file entry_26.pdb (PDB, C-alpha atoms)
MODEL        1
ATOM      1  CA  MET A   1      95.215 120.260 154.534
ATOM      2  CA  PHE A   2      93.064 119.002 151.667
ATOM      3  CA  LYS A   3      93.947 117.922 148.141
ATOM      4  CA  MET A   4      91.422 118.804 145.439
ATOM      5  CA  ARG A   5      91.392 117.086 142.061
ATOM      6  CA  ILE A   6      89.937 118.995 139.107
ATOM      7  CA  ALA A   7      88.668 117.137 136.036
ATOM      8  CA  PHE A   8      88.418 119.440 133.028
ATOM      9  CA  GLU A   9      88.101 119.629 129.256
ATOM     10  CA  LYS A  10      90.486 121.499 126.982
ATOM     11  CA  LYS A  11      89.362 121.994 123.391
ATOM     12  CA  GLY A  12      89.563 124.416 120.489
ATOM     13  CA  GLU A  13      92.194 127.138 120.756
ATOM     14  CA  THR A  14      93.040 126.200 124.344
ATOM     15  CA  SER A  15      94.509 122.920 123.065
ATOM     16  CA  TYR A  16      97.448 125.033 121.837
ATOM     17  CA  ILE A  17      98.296 126.255 125.332
ATOM     18  CA  SER A  18     101.633 124.761 126.355
ATOM     19  CA  HIS A  19     101.962 122.777 129.569
ATOM     20  CA  LEU A  20     103.794 125.652 131.291
ATOM     21  CA  ASP A  21     101.171 128.193 130.218
ATOM     22  CA  LEU A  22      98.381 125.851 131.325
ATOM     23  CA  MET A  23      99.989 125.698 134.765
ATOM     24  CA  LYS A  24     100.182 129.507 134.864
ATOM     25  CA  THR A  25      96.549 129.765 133.720
ATOM     26  CA  PHE A  26      95.362 127.612 136.610
ATOM     27  CA  GLN A  27      97.592 129.395 139.123
ATOM     28  CA  ARG A  28      96.159 132.777 138.159
ATOM     29  CA  SER A  29      92.630 131.385 138.161
ATOM     30  CA  PHE A  30      93.082 129.960 141.668
ATOM     31  CA  CYS A  31      94.061 133.452 142.819
ATOM     32  CA  ARG A  32      91.151 135.144 141.008
ATOM     33  CA  ALA A  33      88.762 132.590 142.508
ATOM     34  CA  ARG A  34      90.320 133.253 145.939
ATOM     35  CA  LEU A  35      90.685 129.550 146.633
ATOM     36  CA  PRO A  36      92.662 128.775 149.826
ATOM     37  CA  VAL A  37      95.611 127.227 147.977
ATOM     38  CA  LYS A  38      98.743 126.060 149.748
ATOM     39  CA  TYR A  39     102.105 127.603 148.824
ATOM     40  CA  SER A  40     105.488 125.937 149.020
ATOM     41  CA  GLU A  41     108.037 127.223 151.506
ATOM     42  CA  GLY A  42     111.334 128.830 150.667
ATOM     43  CA  PHE A  43     112.716 131.857 148.821
ATOM     44  CA  ASN A  44     110.372 131.543 145.816
ATOM     45  CA  PRO A  45     107.035 130.109 147.053
ATOM     46  CA  HIS A  46     104.646 128.697 144.449
ATOM     47  CA  ILE A  47     101.208 127.075 144.503
ATOM     48  CA  CYS A  48     101.369 123.352 145.295
ATOM     49  CA  MET A  49      99.722 121.925 142.203
ATOM     50  CA  SER A  50     100.346 119.582 139.291
ATOM     51  CA  ILE A  51      98.789 118.586 135.967
ATOM     52  CA  LEU A  52      98.546 114.797 135.812
ATOM     53  CA  SER A  53      99.850 113.268 132.574
ATOM     54  CA  PRO A  54     100.098 116.552 130.618
ATOM     55  CA  LEU A  55      99.341 116.368 126.903
ATOM     56  CA  PRO A  56     101.500 117.567 124.012
ATOM     57  CA  THR A  57     100.644 121.028 122.703
ATOM     58  CA  GLY A  58      97.833 120.826 120.157
ATOM     59  CA  PHE A  59      96.125 117.758 121.669
ATOM     60  CA  ARG A  60      92.530 118.240 122.738
ATOM     61  CA  SER A  61      91.125 116.635 125.852
ATOM     62  CA  GLU A  62      87.770 115.593 127.229
ATOM     63  CA  TYR A  63      89.453 114.336 130.388
ATOM     64  CA  GLU A  64      92.385 116.129 131.949
ATOM     65  CA  LEU A  65      93.289 116.307 135.624
ATOM     66  CA  CYS A  66      94.818 118.914 137.910
ATOM     67  CA  ASP A  67      95.660 118.389 141.585
ATOM     68  CA  VAL A  68      95.975 121.339 143.966
ATOM     69  CA  GLU A  69      96.603 121.409 147.712
ATOM     70  CA  LEU A  70      94.408 123.612 149.908
ATOM     71  CA  THR A  71      94.940 124.973 153.398
ATOM     72  CA  THR A  72      91.416 123.963 154.447
ATOM     73  CA  ASP A  73      90.316 120.596 155.827
ATOM     74  CA  GLY A  74      87.678 120.069 153.138
ATOM     75  CA  MET A  75      86.255 121.181 149.816
ATOM     76  CA  PRO A  76      85.315 124.885 149.623
ATOM     77  CA  ASP A  77      81.665 125.611 148.871
ATOM     78  CA  ASN A  78      80.863 125.952 145.142
ATOM     79  CA  ALA A  79      84.504 125.351 144.246
ATOM     80  CA  ALA A  80      83.701 124.208 140.697
ATOM     81  CA  GLU A  81      81.466 127.193 139.922
ATOM     82  CA  ILE A  82      83.874 129.742 141.414
ATOM     83  CA  LEU A  83      86.851 128.307 139.548
ATOM     84  CA  GLN A  84      84.961 128.081 136.258
ATOM     85  CA  GLU A  85      84.158 131.802 136.405
ATOM     86  CA  ALA A  86      87.867 132.547 136.849
ATOM     87  CA  LEU A  87      89.079 130.368 133.949
ATOM     88  CA  PRO A  88      89.254 131.447 130.286
ATOM     89  CA  SER A  89      86.783 130.082 127.746
ATOM     90  CA  GLY A  90      87.797 126.728 126.300
ATOM     91  CA  ILE A  91      88.699 125.198 129.666
ATOM     92  CA  VAL A  92      85.586 123.599 131.138
ATOM     93  CA  ILE A  93      85.423 122.170 134.662
ATOM     94  CA  LYS A  94      83.726 118.755 134.657
ATOM     95  CA  ASP A  95      84.094 117.912 138.349
ATOM     96  CA  VAL A  96      86.048 118.658 141.533
ATOM     97  CA  TYR A  97      86.554 116.048 144.231
ATOM     98  CA  GLU A  98      88.961 114.510 146.707
ATOM     99  CA  PRO A  99      91.290 112.146 144.818
ATOM    100  CA  ALA A 100      90.448 108.465 145.100
ATOM    101  CA  SER A 101      93.713 107.289 143.521
ATOM    102  CA  LYS A 102      97.379 108.220 143.303
ATOM    103  CA  ALA A 103      98.952 109.321 140.029
ATOM    104  CA  ALA A 104     100.951 106.071 139.994
ATOM    105  CA  ASP A 105      97.662 104.197 139.504
ATOM    106  CA  MET A 106      97.122 105.680 136.042
ATOM    107  CA  ALA A 107      97.459 102.787 133.582
ATOM    108  CA  ALA A 108      96.168 103.881 130.173
ATOM    109  CA  SER A 109      94.977 106.813 128.085
ATOM    110  CA  VAL A 110      92.092 106.560 125.613
ATOM    111  CA  TYR A 111      92.272 108.659 122.448
ATOM    112  CA  GLU A 112      90.226 109.499 119.371
ATOM    113  CA  LEU A 113      92.517 110.255 116.436
ATOM    114  CA  ILE A 114      91.163 111.682 113.169
ATOM    115  CA  THR A 115      93.543 111.703 110.199
ATOM    116  CA  GLU A 116      93.179 113.018 106.669
ATOM    117  CA  GLY A 117      93.007 110.297 104.023
ATOM    118  CA  GLY A 118      93.843 106.654 104.566
ATOM    119  CA  ASP A 119      91.930 103.406 104.179
ATOM    120  CA  ALA A 120      90.569 102.124 107.483
ATOM    121  CA  GLU A 121      90.775  98.464 106.443
ATOM    122  CA  LYS A 122      94.357  98.719 105.162
ATOM    123  CA  ILE A 123      95.431 100.583 108.302
ATOM    124  CA  ALA A 124      93.816  97.936 110.530
ATOM    125  CA  ASN A 125      95.620  95.194 108.583
ATOM    126  CA  ALA A 126      98.931  97.029 109.100
ATOM    127  CA  PHE A 127      98.571  96.391 112.839
ATOM    128  CA  LEU A 128      98.721  92.634 112.197
ATOM    129  CA  ASP A 129     102.464  92.961 111.529
ATOM    130  CA  PRO A 130     105.232  94.931 113.276
ATOM    131  CA  LEU A 131     104.640  98.670 112.835
ATOM    132  CA  MET A 132     107.996 100.264 113.476
ATOM    133  CA  THR A 133     108.977 103.900 113.984
ATOM    134  CA  VAL A 134     111.683 105.896 115.739
ATOM    135  CA  LYS A 135     110.870 107.061 119.267
ATOM    136  CA  LYS A 136     112.835 109.987 120.668
ATOM    137  CA  SER A 137     113.360 110.574 124.377
ATOM    138  CA  LYS A 138     115.875 112.126 126.752
ATOM    139  CA  ARG A 139     117.824 108.869 126.526
ATOM    140  CA  GLY A 140     118.173 109.193 122.758
ATOM    141  CA  GLU A 141     116.488 107.561 119.775
ATOM    142  CA  ARG A 142     115.421 103.960 119.318
ATOM    143  CA  THR A 143     113.231 102.019 116.932
ATOM    144  CA  VAL A 144     110.065 100.619 118.503
ATOM    145  CA  ASP A 145     107.014  98.635 117.437
ATOM    146  CA  VAL A 146     104.054 100.888 118.295
ATOM    147  CA  ARG A 147     101.915  97.776 118.841
ATOM    148  CA  ASP A 148     103.882  97.106 122.044
ATOM    149  CA  TYR A 149     102.276 100.195 123.576
ATOM    150  CA  VAL A 150      98.730  99.589 122.305
ATOM    151  CA  ILE A 151      96.145  97.900 124.542
ATOM    152  CA  ALA A 152      93.276  98.226 122.059
ATOM    153  CA  VAL A 153      92.808  99.867 118.661
ATOM    154  CA  SER A 154      90.081 100.100 116.024
ATOM    155  CA  PHE A 155      89.512 102.120 112.871
ATOM    156  CA  GLU A 156      86.509 103.651 111.132
ATOM    157  CA  ALA A 157      86.114 105.380 107.760
ATOM    158  CA  ARG A 158      84.639 108.883 107.935
ATOM    159  CA  GLY A 159      84.380 110.184 104.387
ATOM    160  CA  ASP A 160      87.795 111.532 103.410
ATOM    161  CA  HIS A 161      89.128 110.901 106.918
ATOM    162  CA  THR A 162      89.992 107.892 109.073
ATOM    163  CA  ALA A 163      89.089 107.680 112.751
ATOM    164  CA  CYS A 164      91.328 105.706 115.087
ATOM    165  CA  PHE A 165      90.180 104.775 118.579
ATOM    166  CA  CYS A 166      93.106 103.616 120.683
ATOM    167  CA  THR A 167      93.955 102.803 124.280
ATOM    168  CA  LEU A 168      97.658 103.288 125.013
ATOM    169  CA  LYS A 169      99.731 102.153 127.979
ATOM    170  CA  MET A 170     100.994 104.763 130.418
ATOM    171  CA  GLY A 171     104.202 104.725 132.419
ATOM    172  CA  GLU A 172     107.835 105.756 132.187
ATOM    173  CA  ASP A 173     108.077 104.296 128.670
ATOM    174  CA  GLN A 174     105.035 105.315 126.653
ATOM    175  CA  ILE A 175     103.960 106.742 123.312
ATOM    176  CA  ASN A 176     101.178 109.084 122.254
ATOM    177  CA  PRO A 177      99.055 108.941 119.072
ATOM    178  CA  SER A 178     101.540 111.107 117.153
ATOM    179  CA  HIS A 179     103.825 108.053 117.060
ATOM    180  CA  ILE A 180     101.027 106.063 115.407
ATOM    181  CA  VAL A 181     100.565 108.856 112.866
ATOM    182  CA  LYS A 182     104.316 108.865 112.208
ATOM    183  CA  ALA A 183     104.410 105.081 111.692
ATOM    184  CA  LEU A 184     101.418 105.150 109.326
ATOM    185  CA  ARG A 185     102.954 107.991 107.299
ATOM    186  CA  GLU A 186     106.204 106.090 106.989
ATOM    187  CA  ARG A 187     104.287 103.100 105.642
ATOM    188  CA  GLY A 188     102.479 105.318 103.138
ATOM    189  CA  LEU A 189      99.084 104.538 104.666
ATOM    190  CA  ILE A 190      98.129 108.192 105.255
ATOM    191  CA  PRO A 191      99.367 111.347 103.481
ATOM    192  CA  GLU A 192     102.747 112.628 104.653
ATOM    193  CA  ASP A 193     101.430 116.201 104.893
ATOM    194  CA  GLY A 194      97.930 115.335 106.099
ATOM    195  CA  ALA A 195      96.624 117.004 109.244
ATOM    196  CA  PHE A 196      95.337 115.093 112.248
ATOM    197  CA  VAL A 197      93.244 115.933 115.291
ATOM    198  CA  CYS A 198      93.783 114.042 118.539
ATOM    199  CA  THR A 199      91.474 114.076 121.565
ATOM    200  CA  ARG A 200      92.060 112.239 124.819
ATOM    201  CA  THR A 201      88.695 110.949 125.999
ATOM    202  CA  ALA A 202      89.630 109.171 129.233
ATOM    203  CA  ILE A 203      92.351 108.022 131.613
ATOM    204  CA  LEU A 204      91.985 104.482 132.975
ATOM    205  CA  ASP A 205      93.284 102.893 136.166
ATOM    206  CA  LYS A 206      94.772  99.427 136.612
ATOM    207  CA  ASN A 207      91.265  97.945 136.812
ATOM    208  CA  ASN A 208      90.382  99.411 133.414
ATOM    209  CA  GLU A 209      88.007 101.874 135.072
ATOM    210  CA  LEU A 210      87.942 105.675 134.821
ATOM    211  CA  PHE A 211      90.837 107.017 136.874
ATOM    212  CA  LYS A 212      89.653 109.367 139.614
TER     213      LYS A 212
ENDMDL
END
call {"tool": "encode", "arguments": {"input": "entry_26.pdb", "output": "structure tokens"}}
result
Amino acid sequence: MFKMRIAFEKKGETSYISHLDLMKTFQRSFCRARLPVKYSEGFNPHICMSILSPLPTGFRSEYELCDVELTTDGMPDNAAEILQEALPSGIVIKDVYEPASKAADMAASVYELITEGGDAEKIANAFLDPLMTVKKSKRGERTVDVRDYVIAVSFEARGDHTACFCTLKMGEDQINPSHIVKALRERGLIPEDGAFVCTRTAILDKNNELFK
């Protein structure tokens, strides 16, 4: 048996594919590419695969990961090229390889967040004090300081928009950039009805290196 990790990009219209539909897209593409995927046992067998740290619907990604188990002892020839031909446009394979790390070793996500309006200097100054917002989860709602989840953050003015570059902690208790947007809106630092575009650019391991 062999586990193959797929690094891919998801941009444009494909960023609006839900997590479940993304899973189905890869499952069908594995079949079209005739990859020797492993199936689970039981009454309703399914392909043994997972999307690592799936993104919310609407988030773009320059670095997303999918693990799939194969019945072979090694990587199939031209696996990346064969799979790319089977995938829809908008999902681009960057690399395929044998995983070097376990999912538990993922430590941080790096994002580029572009918001309408806002003053980059004022927003940066807001991070000098507690920046509170309500975080919802399966356990209920609680008020959190978004700074507790931020490893690094910087801001840049881009005409009528503000660019935020942030590295956020990963784990059981985590936030995504939409919580930052929510906190900034509540402080009146960006328009309440302003659009934003979020792109994950990397996943880092515990050594602050690209997770692979």
call {"tool": "closest_residue", "arguments": {"input": "entry_26.pdb", "among": "A:Ile203, A:Ala100, A:Ile6, A:Ile175", "to": "Glu69 in chain A", "atoms": "only C-alpha atoms"}}
result
A:Ile6
call {"tool": "resolve_selection", "arguments": {"input": "entry_26.pdb", "expression": "the PyMOL selection byres ((chain A and resi 157) around 10)", "output": "PyMOL selection string"}}
result
chain A and resi 114+117-121+155-156+158-164
call {"tool": "resolve_selection", "arguments": {"input": "entry_26.pdb", "expression": "the PyMOL selection byres ((chain A and resi 16) around 9)", "output": "VMD selection string"}}
result
chain A and resid 11 to 15 17 to 18 56 to 60
call {"tool": "resolve_selection", "arguments": {"input": "entry_26.pdb", "expression": "the PyMOL selection byres ((chain A and resi 132) around 7)", "output": "list in words"}}
result
Pro130, Leu131, Thr133, Thr143, Val144, Asp145, Val146 and Ala183 of chain A
call {"tool": "residues_around", "arguments": {"input": "entry_26.pdb", "residues": "range 77-87 of chain A", "least_positions_apart": "6", "cutoff": "7 Å", "atoms": "all atoms listed in the file", "output": "compact mmCIF listing (two decimals) with C-alpha atoms, in the frame of the given file"}}
result
# COMPACT_ATOMS: atom_id res chain seq x y z
CA SER A 29 92.63 131.38 138.16
CA PHE A 30 93.08 129.96 141.67
CA ARG A 32 91.15 135.14 141.01
CA ALA A 33 88.76 132.59 142.51
CA ILE A 93 85.42 122.17 134.66
CA ASP A 95 84.09 117.91 138.35
CA VAL A 96 86.05 118.66 141.53
call {"tool": "residues_around", "arguments": {"input": "entry_26.pdb", "residues": "Thr72 in chain A", "least_positions_apart": "4", "cutoff": "12 Å", "atoms": "all atoms listed in the file", "output": "mmCIF file with C-alpha atoms, in the frame of the given file"}}
result
data_model
loop_
_atom_site.group_PDB
_atom_site.id
_atom_site.type_symbol
_atom_site.label_atom_id
_atom_site.label_comp_id
_atom_site.auth_asym_id
_atom_site.auth_seq_id
_atom_site.Cartn_x
_atom_site.Cartn_y
_atom_site.Cartn_z
ATOM 1 C CA MET A 1 95.215 120.260 154.534
ATOM 2 C CA PHE A 2 93.064 119.002 151.667
ATOM 3 C CA LYS A 3 93.947 117.922 148.141
ATOM 4 C CA MET A 4 91.422 118.804 145.439
ATOM 5 C CA LEU A 35 90.685 129.550 146.633
ATOM 6 C CA PRO A 36 92.662 128.775 149.826
ATOM 7 C CA VAL A 37 95.611 127.227 147.977
ATOM 8 C CA LYS A 38 98.743 126.060 149.748
ATOM 9 C CA VAL A 68 95.975 121.339 143.966
ATOM 10 C CA PRO A 76 85.315 124.885 149.623
ATOM 11 C CA ASP A 77 81.665 125.611 148.871
#
call {"tool": "residues_around", "arguments": {"input": "entry_26.pdb", "residues": "Glu62 in chain A", "least_positions_apart": "5", "cutoff": "8 Å", "atoms": "all atoms listed in the file", "output": "PyMOL selection string"}}
result
chain A and resi 8-11+199-202
call {"tool": "closest_residue", "arguments": {"input": "entry_26.pdb", "among": "A:Gly140, A:Gly171, A:Gly90, A:Gly74", "to": "Ala103 in chain A", "atoms": "only C-alpha atoms"}}
result
A:Gly171
call {"tool": "residues_around", "arguments": {"input": "entry_26.pdb", "residues": "Ser40 in chain A", "least_positions_apart": "6", "cutoff": "12 Å", "atoms": "only C-alpha atoms", "output": "ChimeraX atom specification"}}
result
/A:46-49,68-71
call {"tool": "atom_distance", "arguments": {"input": "entry_26.pdb", "atom1": "CA of Leu52 in chain A", "atom2": "CA of Ser154 in chain A"}}
result
26.1 Å
call {"tool": "closest_residue", "arguments": {"input": "entry_26.pdb", "among": "A:Glu64, A:Asp21, A:Glu192, A:Glu112", "to": "Lys94 in chain A", "atoms": "all atoms listed in the file"}}
result
A:Glu64
call {"tool": "atom_distance", "arguments": {"input": "entry_26.pdb", "atom1": "CA of Thr25 in chain A", "atom2": "CA of Asn44 in chain A"}}
result
18.5 Å
call {"tool": "closest_residue", "arguments": {"input": "entry_26.pdb", "among": "A:Lys122, A:Arg147, A:Lys136, A:Arg187", "to": "Leu168 in chain A", "atoms": "all atoms listed in the file"}}
result
A:Arg147
call {"tool": "build_atoms", "arguments": {"input": "entry_26.pdb", "residues": "range 94-122 of chain A", "atoms": "N, CA and C atoms", "output": "PDB file, in the coordinates of the input"}}
result
ATOM      1  N   LYS A  94      84.696 119.844 134.680  1.00  0.00           N
ATOM      2  CA  LYS A  94      83.726 118.755 134.657  1.00  0.00           C
ATOM      3  C   LYS A  94      83.362 118.311 136.064  1.00  0.00           C
ATOM      4  N   ASP A  95      84.354 118.369 136.988  1.00  0.00           N
ATOM      5  CA  ASP A  95      84.094 117.912 138.349  1.00  0.00           C
ATOM      6  C   ASP A  95      85.255 118.333 139.246  1.00  0.00           C
ATOM      7  N   VAL A  96      85.003 118.480 140.524  1.00  0.00           N
ATOM      8  CA  VAL A  96      86.048 118.658 141.533  1.00  0.00           C
ATOM      9  C   VAL A  96      85.745 117.695 142.670  1.00  0.00           C
ATOM     10  N   TYR A  97      86.782 117.057 143.205  1.00  0.00           N
ATOM     11  CA  TYR A  97      86.554 116.048 144.231  1.00  0.00           C
ATOM     12  C   TYR A  97      87.869 115.721 144.937  1.00  0.00           C
ATOM     13  N   GLU A  98      87.770 114.998 146.028  1.00  0.00           N
ATOM     14  CA  GLU A  98      88.961 114.510 146.707  1.00  0.00           C
ATOM     15  C   GLU A  98      89.480 113.299 145.948  1.00  0.00           C
ATOM     16  N   PRO A  99      90.766 113.255 145.617  1.00  0.00           N
ATOM     17  CA  PRO A  99      91.290 112.146 144.818  1.00  0.00           C
ATOM     18  C   PRO A  99      91.043 110.793 145.463  1.00  0.00           C
ATOM     19  N   ALA A 100      90.644 109.829 144.620  1.00  0.00           N
ATOM     20  CA  ALA A 100      90.448 108.465 145.100  1.00  0.00           C
ATOM     21  C   ALA A 100      91.673 107.602 144.815  1.00  0.00           C
ATOM     22  N   SER A 101      92.553 108.079 143.931  1.00  0.00           N
ATOM     23  CA  SER A 101      93.713 107.289 143.521  1.00  0.00           C
ATOM     24  C   SER A 101      94.952 108.173 143.434  1.00  0.00           C
ATOM     25  N   LYS A 102      96.113 107.530 143.484  1.00  0.00           N
ATOM     26  CA  LYS A 102      97.379 108.220 143.303  1.00  0.00           C
ATOM     27  C   LYS A 102      97.743 108.238 141.819  1.00  0.00           C
ATOM     28  N   ALA A 103      98.558 109.203 141.431  1.00  0.00           N
ATOM     29  CA  ALA A 103      98.952 109.321 140.029  1.00  0.00           C
ATOM     30  C   ALA A 103      99.604 108.041 139.519  1.00  0.00           C
ATOM     31  N   ALA A 104     100.285 107.311 140.396  1.00  0.00           N
ATOM     32  CA  ALA A 104     100.951 106.071 139.994  1.00  0.00           C
ATOM     33  C   ALA A 104      99.964 105.005 139.545  1.00  0.00           C
ATOM     34  N   ASP A 105      98.677 105.186 139.871  1.00  0.00           N
ATOM     35  CA  ASP A 105      97.662 104.197 139.504  1.00  0.00           C
ATOM     36  C   ASP A 105      97.112 104.412 138.102  1.00  0.00           C
ATOM     37  N   MET A 106      97.556 105.478 137.419  1.00  0.00           N
ATOM     38  CA  MET A 106      97.122 105.680 136.042  1.00  0.00           C
ATOM     39  C   MET A 106      97.756 104.598 135.165  1.00  0.00           C
ATOM     40  N   ALA A 107      96.948 103.917 134.357  1.00  0.00           N
ATOM     41  CA  ALA A 107      97.459 102.787 133.582  1.00  0.00           C
ATOM     42  C   ALA A 107      97.350 102.968 132.076  1.00  0.00           C
ATOM     43  N   ALA A 108      96.372 103.758 131.618  1.00  0.00           N
ATOM     44  CA  ALA A 108      96.168 103.881 130.173  1.00  0.00           C
ATOM     45  C   ALA A 108      95.436 105.165 129.830  1.00  0.00           C
ATOM     46  N   SER A 109      95.696 105.659 128.620  1.00  0.00           N
ATOM     47  CA  SER A 109      94.977 106.813 128.085  1.00  0.00           C
ATOM     48  C   SER A 109      94.167 106.359 126.871  1.00  0.00           C
ATOM     49  N   VAL A 110      92.967 106.898 126.740  1.00  0.00           N
ATOM     50  CA  VAL A 110      92.092 106.560 125.613  1.00  0.00           C
ATOM     51  C   VAL A 110      92.016 107.778 124.697  1.00  0.00           C
ATOM     52  N   TYR A 111      92.228 107.558 123.406  1.00  0.00           N
ATOM     53  CA  TYR A 111      92.272 108.659 122.448  1.00  0.00           C
ATOM     54  C   TYR A 111      91.339 108.410 121.260  1.00  0.00           C
ATOM     55  N   GLU A 112      90.870 109.512 120.682  1.00  0.00           N
ATOM     56  CA  GLU A 112      90.226 109.499 119.371  1.00  0.00           C
ATOM     57  C   GLU A 112      91.137 110.294 118.440  1.00  0.00           C
ATOM     58  N   LEU A 113      91.574 109.659 117.376  1.00  0.00           N
ATOM     59  CA  LEU A 113      92.517 110.255 116.436  1.00  0.00           C
ATOM     60  C   LEU A 113      91.884 110.305 115.052  1.00  0.00           C
ATOM     61  N   ILE A 114      91.751 111.498 114.497  1.00  0.00           N
ATOM     62  CA  ILE A 114      91.163 111.682 113.169  1.00  0.00           C
ATOM     63  C   ILE A 114      92.263 112.134 112.219  1.00  0.00           C
ATOM     64  N   THR A 115      92.509 111.360 111.167  1.00  0.00           N
ATOM     65  CA  THR A 115      93.543 111.703 110.199  1.00  0.00           C
ATOM     66  C   THR A 115      92.928 111.954 108.831  1.00  0.00           C
ATOM     67  N   GLU A 116      93.590 112.791 108.045  1.00  0.00           N
ATOM     68  CA  GLU A 116      93.179 113.018 106.669  1.00  0.00           C
ATOM     69  C   GLU A 116      93.591 111.819 105.823  1.00  0.00           C
ATOM     70  N   GLY A 117      92.683 111.384 104.934  1.00  0.00           N
ATOM     71  CA  GLY A 117      93.007 110.297 104.023  1.00  0.00           C
ATOM     72  C   GLY A 117      93.118 108.960 104.721  1.00  0.00           C
ATOM     73  N   GLY A 118      93.656 107.982 103.999  1.00  0.00           N
ATOM     74  CA  GLY A 118      93.843 106.654 104.566  1.00  0.00           C
ATOM     75  C   GLY A 118      92.669 105.730 104.301  1.00  0.00           C
ATOM     76  N   ASP A 119      92.941 104.454 104.343  1.00  0.00           N
ATOM     77  CA  ASP A 119      91.930 103.406 104.179  1.00  0.00           C
ATOM     78  C   ASP A 119      91.859 102.641 105.487  1.00  0.00           C
ATOM     79  N   ALA A 120      90.703 102.704 106.150  1.00  0.00           N
ATOM     80  CA  ALA A 120      90.569 102.124 107.483  1.00  0.00           C
ATOM     81  C   ALA A 120      90.918 100.637 107.502  1.00  0.00           C
ATOM     82  N   GLU A 121      90.511  99.901 106.479  1.00  0.00           N
ATOM     83  CA  GLU A 121      90.775  98.464 106.443  1.00  0.00           C
ATOM     84  C   GLU A 121      92.272  98.178 106.276  1.00  0.00           C
ATOM     85  N   LYS A 122      92.922  98.915 105.371  1.00  0.00           N
ATOM     86  CA  LYS A 122      94.357  98.719 105.162  1.00  0.00           C
ATOM     87  C   LYS A 122      95.155  99.089 106.414  1.00  0.00           C
TER      88      LYS A 122
END
